[in-house]
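Asker: First the structure, then my questions, so here it is.
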Amino acid sequence: MCQHCIEHAGSAKRWYLNIEALNEKNADVEWIKKYHTEYSEINIVKPKEEGINHIREVVKHRKGQVVLFEEAVKLCKAVEKIGGPESMIATFCPCRHLRGGFISEPFCIAWGVSMNFKKAYINKLPQRFKKKIIYPFTVDDANELFKEWEIKNKVIHGVFGFGKDKPYIGVICNCEMPYCHPMKQRMKYDIPESYLKSHYVVSVNTNKCKGCGNCQMHCQFGAIRLTDRGFAVVNSINCFGCGVCRSTCEGDAIKMVERENIPLLKERW
Amino acid sequence: MGVSVSIDYEKCFNPAGCVKCLQICPVAVFGLASFKETGVDGVMKKSYRIIPTDDDLCVVCNSCTEVCPEKCIVVKV
């Protein structure tokens with residue numbers, strides 16, 4: 001089982017679908033505030049100076065996991081149910097901002113406690129960015145935009161929980177390598193808890209595969225490849241189960257299967 | 001093979017306004033860090049600095065040394 005689920009799922013099936021994790025009373029507001037105000041220091045200055053020990057300390061408080069498109073929408077639905085349509089905002093991704101990424105779209109969805117700190121950050125942004133911020137951000141927006149970004153920008157969706165014992169889930173990110181800090185920290189320091197793989201893994205139906213090669217082009221992890229025999233083959237150990245290849249597939253040949261059910265993969269998160 | 005990337009901060013005078021090296025780097029070696037500093041007049045000021053945080057991932061494409069208008073980035077292998 002996935003480590004975050006063992007520790008924080010409670011009675012729910014997944015840790016990020018646990019309704020307690022959306023309860024603002026459980027949020028460690030002090031730490032969330034510190035994380036948002038000292039973002040560049042925590043993710044850029046200190047990893048350079050203190051290295052792996054600093055990242056281990058951060059990861060205790062910041063837990064992340066890749067989720068599928070429909071799970072991300074489901075989470076948005078739960079948030080809207082609790083706080084109404086005005087409880088979510090789509091704003092700019094600080095990782096891309098500080099790493100020189102392409103910041104054309106508001107890739108960062110925040111709500112509740114995190115939203116309040118994000119709003120403070122927005123005031124400092126230049127005017128041309130402010131125009132693109134989506135507030136209020138509704139489930140319909142999520143449904144439409146997450147899919148669009150998957151296909152157009154090749155982004156993967158990730159949920160992040162902030163807090164040591166009871167993580168408060170505050171953001172859905174639409175991440176891409178090499179700008180995403182949690183993903184980069186996972187790869188560089190080999191700390192999987194920073195950004196766990198999703199609960200699913202890709203399975204290709206070779207009969208349906210048309211050999212278009214979109215999956216190979218869109219995979220951020222180099223986990224799927226079009227062979228010269230005309231169909232795609234997945235390296236399931238590298239696969240993060242983000243579902244980007246599935247949404248770009250022309251032949252509807254890609255299916256997501258539960259990671260838990262595959263003996264080789266059930267301990268690899 | 002150890003690659004080290006260093007920046008001459010005396011020449012890099014407008015990091016937050018330029019960020020050309022950040023945008024061109026294929027592996028995002030650089031990061032833009034902000035600091036709060038007290039100036040000579042005692043007023044808190046925000047200053048920026050580009051830090052080559054992940055120079056161990058550098059692929060030595062030398063795009064940053066070419067794009068930098070002040071030629072202040074040095075890549076050593």
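Going through the structure tokens in order, the chains are called A, B, and so on, while each chain numbers its residues from 1 and the ligands are numbered from 1 in the order shown.
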Any chance you could list, as a list in words, the residues in stretch 1-75 of chain B that come up strand (DSSP E or B) when DSSP is run on the backbone?
Answerer: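 Residues meeting the strand (DSSP E or B) criterion: Ser4, Val5, Ser6, Ile7, Phe30, Gly31, Leu32, Ala33, Ser34, Phe35, Lys36, Glu37, Thr38, Met44, Lys45, Lys46, Ser47, Tyr48, Arg49, Ile50, Ile51, Pro52, Ile73, Val74 and Val75 of chain B.
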Asker: Mind writing the picked residues with N, CA, C and O atoms as a compact mmCIF listing (two decimals), in the first residue's frame?
Answerer:
```txt
# COMPACT_ATOMS: atom_id res chain seq x y z
N SER B 4 30.57 22.18 -12.36
CA SER B 4 30.20 23.26 -11.44
C SER B 4 29.85 24.51 -12.24
O SER B 4 30.53 24.85 -13.21
N VAL B 5 28.75 25.11 -11.85
CA VAL B 5 28.29 26.34 -12.51
C VAL B 5 28.41 27.46 -11.49
O VAL B 5 27.94 27.33 -10.37
N SER B 6 29.05 28.53 -11.88
CA SER B 6 29.15 29.65 -10.93
C SER B 6 28.79 30.95 -11.62
O SER B 6 28.91 31.09 -12.83
N ILE B 7 28.28 31.89 -10.80
CA ILE B 7 27.84 33.17 -11.32
C ILE B 7 28.62 34.28 -10.62
O ILE B 7 28.79 34.25 -9.41
N PHE B 30 19.16 26.60 -12.68
CA PHE B 30 19.12 27.85 -11.92
C PHE B 30 17.80 28.04 -11.20
O PHE B 30 16.76 27.54 -11.62
N GLY B 31 17.85 28.78 -10.11
CA GLY B 31 16.63 29.17 -9.41
C GLY B 31 16.74 30.63 -9.02
O GLY B 31 17.84 31.12 -8.72
N LEU B 32 15.61 31.32 -9.02
CA LEU B 32 15.60 32.74 -8.64
C LEU B 32 15.22 32.82 -7.17
O LEU B 32 14.10 32.48 -6.80
N ALA B 33 16.15 33.26 -6.34
CA ALA B 33 15.86 33.35 -4.90
C ALA B 33 15.70 34.80 -4.52
O ALA B 33 16.37 35.68 -5.07
N SER B 34 14.77 35.05 -3.60
CA SER B 34 14.60 36.43 -3.15
C SER B 34 15.04 36.55 -1.69
O SER B 34 14.85 35.64 -0.90
N PHE B 35 15.66 37.65 -1.37
CA PHE B 35 16.11 37.90 0.00
C PHE B 35 15.56 39.24 0.47
O PHE B 35 15.37 40.14 -0.32
N LYS B 36 15.35 39.30 1.78
CA LYS B 36 15.00 40.61 2.35
C LYS B 36 16.25 41.16 2.99
O LYS B 36 16.83 40.56 3.88
N GLU B 37 16.69 42.31 2.50
CA GLU B 37 17.92 42.88 3.04
C GLU B 37 17.67 44.29 3.52
O GLU B 37 16.84 45.01 2.97
N THR B 38 18.41 44.66 4.55
CA THR B 38 18.32 46.03 5.02
C THR B 38 19.38 46.86 4.31
O THR B 38 20.56 46.55 4.38
N MET B 44 13.95 48.11 4.67
CA MET B 44 13.95 46.72 4.20
C MET B 44 13.71 46.69 2.70
O MET B 44 12.75 47.28 2.20
N LYS B 45 14.59 46.02 2.00
CA LYS B 45 14.45 45.95 0.54
C LYS B 45 14.52 44.51 0.10
O LYS B 45 15.22 43.70 0.69
N LYS B 46 13.78 44.21 -0.96
CA LYS B 46 13.83 42.85 -1.48
C LYS B 46 14.87 42.79 -2.58
O LYS B 46 14.87 43.61 -3.49
N SER B 47 15.77 41.83 -2.45
CA SER B 47 16.78 41.70 -3.50
C SER B 47 16.71 40.28 -4.06
O SER B 47 16.27 39.36 -3.39
N TYR B 48 17.12 40.14 -5.29
CA TYR B 48 17.06 38.84 -5.96
C TYR B 48 18.44 38.36 -6.30
O TYR B 48 19.36 39.15 -6.48
N ARG B 49 18.55 37.05 -6.40
CA ARG B 49 19.84 36.47 -6.79
C ARG B 49 19.56 35.16 -7.51
O ARG B 49 18.71 34.39 -7.09
N ILE B 50 20.27 34.92 -8.59
CA ILE B 50 20.12 33.65 -9.30
C ILE B 50 21.13 32.66 -8.74
O ILE B 50 22.32 32.96 -8.67
N ILE B 51 20.61 31.51 -8.30
CA ILE B 51 21.48 30.51 -7.68
C ILE B 51 21.49 29.24 -8.53
O ILE B 51 20.44 28.70 -8.84
N PRO B 52 22.68 28.76 -8.92
CA PRO B 52 22.75 27.50 -9.68
C PRO B 52 22.60 26.31 -8.72
O PRO B 52 23.57 25.70 -8.30
N ILE B 73 28.28 33.93 -16.33
CA ILE B 73 28.15 32.54 -15.91
C ILE B 73 29.37 31.74 -16.38
O ILE B 73 29.79 31.86 -17.54
N VAL B 74 29.92 30.97 -15.46
CA VAL B 74 31.07 30.14 -15.81
C VAL B 74 30.73 28.68 -15.55
O VAL B 74 30.31 28.33 -14.45
N VAL B 75 30.86 27.84 -16.58
CA VAL B 75 30.61 26.41 -16.43
C VAL B 75 31.95 25.70 -16.49
O VAL B 75 32.70 25.84 -17.45
```
Asker: Taking only C-alpha atoms into account and nothing else, which residues of chain A lie no more than 9 Å away from chain B? Please answer as a list in words.
Answerer: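 Filtering chain A at 9 Å from chain B with only C-alpha atoms gives Glu38, Tyr39, Ser40, Glu41, Asn43, Ile44, Val45, Pro47, Lys48, Glu49, His97, Leu98, Arg99, Gly100, Gly101, Phe102, Met177, Pro178, Tyr179 and Lys188 of chain A.
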Asker: Please indicate the distance in Å from atom CA of A:Lys197 to atom CA of A:Gly241, rounded to one decimal place.
Answerer: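 Distance reported for this atom pair: 6.5 Å.
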Asker: Report the distance between atom CA of A:Arg14 and atom CA of A:Val171 in Å, rounded to one decimal place.
Answerer: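 Atom CA of A:Arg14 sits 16.0 Å away from atom CA of A:Val171.
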Asker: Could you go through stretch 44-134 of chain A and tell me which residues DSSP, when run on the backbone, assigns to alpha helix (DSSP H), listing them as a ChimeraX atom specification?
Answerer: /A:46-50,52-61,69-83,94-99,112-122,127-130
Asker: Show which residues sit within 8 Å of A:Ala72, as a VMD selection string. Count only C-alpha atoms, and ignore same-chain residues fewer than 6 positions away.
Answerer: chain A and resid 157 to 159 172
Asker: Tell me which protein, DNA and RNA residues are within 8 Å of stretch 230-233 of chain A, counting only C-alpha atoms, leaving out same-chain ones fewer than 4 positions away, and put them as a PyMOL selection string.
Answerer: chain A and resi 204+206+209-211+213+215-216+224-226
Asker: With only C-alpha atoms as the atoms that count, which of A:Ile134, A:Leu68, A:His36, A:Arg186 lies nearest to A:Ala120?
Answerer: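 Among the listed residues, the smallest separation from A:Ala120 belongs to A:His36.
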Asker: Considering only C-alpha atoms, can you say which of A:Ser194, A:Thr248, A:Gln185, A:Ser114 comes closest to A:Lys152?
Answerer: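 Using only C-alpha atoms, the shortest distance to A:Lys152 belongs to A:Thr248.
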Asker: Interatomic distance between atom CA of A:Tyr200 and atom CA of A:Asn238?
Answerer: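 Those two atoms sit 12.4 Å apart.
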Asker: Between A:Cys242, A:Ile103, A:Ala142, A:Met88, which is the closest to A:His199 once you count only C-alpha atoms?
Answerer: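 So, comparing all the options, the nearest one is A:Cys242.
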Asker: Have a look at A:Pro106, A:Gly10, A:Gly243, A:Pro94 and name the one nearest to A:Asp141; count only C-alpha atoms.
Answerer: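 Using only C-alpha atoms, A:Asp141 sits closest to A:Pro106.
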Asker: Which residue gives the smallest distance to A:Ala110 among A:Tyr16, A:Phe137, A:Phe146, A:Tyr195, with only C-alpha atoms counted?
Answerer: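 The answer is A:Phe137, which sits nearest to A:Ala110.
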